[in-house]
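Shown next: input24.cif, containing mmCIF, C-alpha atoms and all ligand atoms.
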```cif
data_protein
loop_
_atom_site.label_atom_id
_atom_site.label_comp_id
_atom_site.auth_asym_id
_atom_site.auth_seq_id
_atom_site.Cartn_x
_atom_site.Cartn_y
_atom_site.Cartn_z
CA MET A 1 79.54 30.46 -61.16
CA LYS A 2 79.70 26.87 -62.43
CA LYS A 3 83.20 26.52 -60.99
CA MET A 4 81.93 27.58 -57.57
CA LEU A 5 79.09 25.06 -57.67
CA VAL A 6 81.52 22.23 -58.46
CA CYS A 7 83.60 23.32 -55.51
CA VAL A 8 80.61 23.27 -53.16
CA VAL A 9 79.53 19.81 -54.35
CA LEU A 10 83.09 18.51 -53.94
CA SER A 11 83.53 19.78 -50.43
CA LEU A 12 80.07 18.53 -49.46
CA SER A 13 80.89 15.00 -50.63
CA LEU A 14 84.18 15.10 -48.74
CA PHE A 15 82.31 16.18 -45.64
CA LEU A 16 79.80 13.34 -45.99
CA THR A 17 82.41 10.63 -46.50
CA SER A 18 84.46 11.77 -43.53
CA CYS A 19 81.43 11.61 -41.24
CA GLY A 20 80.05 8.26 -42.30
CA ALA A 21 83.22 6.16 -42.35
CA PRO A 22 83.21 3.27 -42.84
CA LYS A 23 79.49 2.43 -42.52
CA ASP A 24 76.70 4.18 -40.68
CA VAL A 25 76.02 1.69 -37.93
CA PRO A 26 74.22 3.22 -34.95
CA PRO A 27 75.75 2.60 -31.52
CA GLN A 28 74.04 0.08 -29.24
CA THR A 29 73.73 -0.15 -25.48
CA PHE A 30 72.78 -3.22 -23.50
CA GLU A 31 72.15 -3.00 -19.78
CA LEU A 32 72.57 -6.07 -17.63
CA SER A 33 71.70 -6.34 -13.96
CA VAL A 34 73.30 -9.51 -12.69
CA THR A 35 71.33 -11.44 -10.08
CA SER A 36 72.50 -14.03 -7.58
CA PRO A 37 72.19 -16.77 -8.67
CA ALA A 38 72.71 -15.58 -12.24
CA ALA A 39 69.82 -15.68 -14.71
CA PRO A 40 70.05 -17.94 -17.78
CA THR A 41 72.37 -16.68 -20.52
CA GLN A 42 70.76 -13.94 -22.63
CA LYS A 43 71.38 -13.63 -26.34
CA VAL A 44 72.17 -10.12 -27.59
CA GLU A 45 72.10 -9.32 -31.31
CA VAL A 46 74.72 -6.75 -32.27
CA ALA A 47 75.16 -5.14 -35.67
CA LEU A 48 78.62 -5.70 -37.11
CA GLY A 49 80.61 -2.48 -36.80
CA ALA A 50 78.43 -0.97 -34.06
CA GLU A 51 79.97 0.66 -31.02
CA LEU A 52 78.59 -1.46 -28.21
CA THR A 53 78.22 -0.30 -24.63
CA LEU A 54 77.64 -3.09 -22.11
CA ARG A 55 76.45 -1.52 -18.85
CA ILE A 56 76.76 -4.18 -16.20
CA THR A 57 75.72 -4.00 -12.55
CA THR A 58 76.57 -6.86 -10.21
CA PRO A 59 75.39 -7.53 -6.63
CA VAL A 60 78.93 -8.33 -5.43
CA ASP A 61 82.41 -7.39 -6.64
CA ASP A 62 82.93 -9.28 -9.87
CA ALA A 63 85.02 -9.33 -13.05
CA VAL A 64 83.76 -9.58 -16.61
CA HIS A 65 85.43 -11.23 -19.58
CA VAL A 66 84.24 -10.63 -23.14
CA HIS A 67 85.51 -13.64 -25.04
CA GLY A 68 86.95 -13.15 -28.53
CA TYR A 69 87.39 -9.42 -28.00
CA GLU A 70 89.48 -10.28 -24.94
CA ILE A 71 88.22 -7.47 -22.74
CA GLU A 72 88.41 -7.90 -18.99
CA LYS A 73 87.17 -5.42 -16.42
CA ASP A 74 86.56 -5.35 -12.69
CA LEU A 75 82.96 -4.68 -11.68
CA PRO A 76 82.54 -3.04 -8.27
CA ALA A 77 79.37 -4.16 -6.47
CA GLY A 78 76.28 -2.09 -7.19
CA GLN A 79 77.97 0.32 -9.60
CA PRO A 80 76.92 0.29 -13.27
CA THR A 81 80.16 -0.20 -15.21
CA ASP A 82 80.45 0.47 -18.93
CA ILE A 83 82.44 -1.74 -21.26
CA VAL A 84 82.66 0.05 -24.60
CA PHE A 85 84.08 -1.43 -27.79
CA VAL A 86 83.43 -1.62 -31.52
CA ALA A 87 81.90 -4.96 -32.48
CA ASN A 88 84.08 -5.39 -35.55
CA MET A 89 84.35 -9.19 -35.55
CA ALA A 90 81.38 -11.31 -36.63
CA GLY A 91 80.48 -14.37 -34.61
CA SER A 92 79.19 -15.49 -31.20
CA TYR A 93 81.04 -14.39 -28.10
CA GLU A 94 80.38 -15.24 -24.48
CA VAL A 95 80.37 -12.59 -21.79
CA GLU A 96 81.08 -14.27 -18.49
CA SER A 97 81.99 -13.71 -14.89
CA HIS A 98 85.51 -14.63 -13.98
CA ILE A 99 84.45 -14.94 -10.36
CA THR A 100 81.46 -17.29 -10.65
CA ASP A 101 82.07 -18.55 -14.24
CA ALA A 102 78.41 -17.73 -15.01
CA VAL A 103 77.88 -16.95 -18.70
CA TRP A 104 75.76 -13.82 -18.61
CA LEU A 105 75.43 -13.05 -22.31
CA THR A 106 76.06 -14.43 -25.74
CA LEU A 107 76.83 -11.62 -28.15
CA VAL A 108 75.82 -12.49 -31.69
CA VAL A 109 77.61 -10.05 -34.00
CA SER A 110 76.46 -10.05 -37.62
CU CU A 201 86.49 -15.93 -19.71
#
```
Could you write out this file's structure as structure tokens?
Amino acid sequence: MKKMLVCVVLSLSLFLTSCGAPKDVPPQTFELSVTSPAAPTQKVEVALGAELTLRITTPVDDAVHVHGYEIEKDLPAGQPTDIVFVANMAGSYEVESHITDAVWLTLVVS
């Protein structure tokens, strides 16, 4: 009986560690509707290690660049487009348009 209990506890702890790896950081979503002309740069606080979804809608065809993480994506006019990545580098990163050079967001990852 004792042997069985040890086994249950062991497998339970294995189960827990495999689900929580490496840290339990909840995912975050930030929605941005770009205007023309663009609004002032918004600051977005992101927890280090969180899976971040940036959902960006632009009034005209555009292209986004997430500095530091070096993600680029085309943004078709009027269609919400998701950019999904794990914010695994601490620091401040600009999210800008590569068409108008407007800096839409500053991501502050910490
Ligand atoms: Cu850029």
Just the residues within 10 Å of Leu75 in chain A, please, counting only C-alpha atoms, with nothing from its chain fewer than 2 positions along; format it as an mmCIF file with C-alpha atoms, in the coordinates of the input.
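File written: around08.cif
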```cif
data_model
loop_
_atom_site.group_PDB
_atom_site.id
_atom_site.type_symbol
_atom_site.label_atom_id
_atom_site.label_comp_id
_atom_site.auth_asym_id
_atom_site.auth_seq_id
_atom_site.Cartn_x
_atom_site.Cartn_y
_atom_site.Cartn_z
ATOM 1 C CA ILE A 56 76.760 -4.180 -16.200
ATOM 2 C CA THR A 57 75.720 -4.000 -12.550
ATOM 3 C CA THR A 58 76.570 -6.860 -10.210
ATOM 4 C CA PRO A 59 75.390 -7.530 -6.630
ATOM 5 C CA VAL A 60 78.930 -8.330 -5.430
ATOM 6 C CA ASP A 61 82.410 -7.390 -6.640
ATOM 7 C CA ASP A 62 82.930 -9.280 -9.870
ATOM 8 C CA ALA A 63 85.020 -9.330 -13.050
ATOM 9 C CA VAL A 64 83.760 -9.580 -16.610
ATOM 10 C CA GLU A 72 88.410 -7.900 -18.990
ATOM 11 C CA LYS A 73 87.170 -5.420 -16.420
ATOM 12 C CA ALA A 77 79.370 -4.160 -6.470
ATOM 13 C CA GLY A 78 76.280 -2.090 -7.190
ATOM 14 C CA GLN A 79 77.970 0.320 -9.600
ATOM 15 C CA PRO A 80 76.920 0.290 -13.270
ATOM 16 C CA THR A 81 80.160 -0.200 -15.210
ATOM 17 C CA ASP A 82 80.450 0.470 -18.930
ATOM 18 C CA SER A 97 81.990 -13.710 -14.890
#
```
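Proximity ranking of A:Ala38, A:Leu32, A:Ala102, A:Val84 relative to ligand CU 201 (chain A) places A:Ala102 first, based on all atoms listed in the file.
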When you count only C-alpha atoms, which of these residues is closest to Ser33 in chain A: A:Leu105, A:Leu48, A:Met89, A:Ile71? A:Leu105
Go ahead and compute the interatomic distance for CA of Val66 in chain A and CA of Pro26 in chain A, in Å to one decimal. 20.8 Å
Residue among A:Thr53, A:Ser110, A:Thr100, A:Thr41 lying closest to ligand CU 201 (chain A), counting only C-alpha atoms and all ligand atoms: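 Under the stated criterion, the closest residue is A:Thr100.
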Any residue with an atom at most 8 Å from ligand CU 201 (chain A) counts, using all atoms listed in the file. Which are they? Put them as a JSON list (two decimals) with C-alpha atoms, in the frame of the given file.
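Heads up, here's the output in result35.json:
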```
[["chain", "number", "residue", "atom", "x", "y", "z"],
["A", 64, "VAL", "CA", 83.76, -9.58, -16.61],
["A", 65, "HIS", "CA", 85.43, -11.23, -19.58],
["A", 66, "VAL", "CA", 84.24, -10.63, -23.14],
["A", 67, "HIS", "CA", 85.51, -13.64, -25.04],
["A", 94, "GLU", "CA", 80.38, -15.24, -24.48],
["A", 95, "VAL", "CA", 80.37, -12.59, -21.79],
["A", 96, "GLU", "CA", 81.08, -14.27, -18.49],
["A", 97, "SER", "CA", 81.99, -13.71, -14.89],
["A", 98, "HIS", "CA", 85.51, -14.63, -13.98],
["A", 101, "ASP", "CA", 82.07, -18.55, -14.24]]
```
How many Å lie between CA of Arg55 in chain A and CA of Asp24 in chain A, rounded to one decimal? 22.6 Å
Top pick for closest residue to Ala90 in chain A, considering A:Val108, A:Leu52, A:Val103, A:Val34 and counting all atoms listed in the file: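 The answer is A:Val108, which sits nearest to Ala90 in chain A.
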Within 8 Å of (78.8, -1.6, -34.5), in the coordinates the file gives, what residues turn up when you count all atoms listed in the file, written out as a PyMOL selection string? chain A and resi 25-28+46-52+86-88
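Here CA of Ala39 in chain A is placed at a distance of 16.6 Å from CA of Leu54 in chain A.
Counting all atoms listed in the file and comparing A:Gln42, A:Thr106, A:Thr29, A:Glu70, the residue that lies closest to Gly91 in chain A is A:Thr106.
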Nearest-residue call for Ile83 in chain A, choices A:Val44, A:Tyr69, A:Thr35, A:Val109, using only C-alpha atoms: A:Tyr69
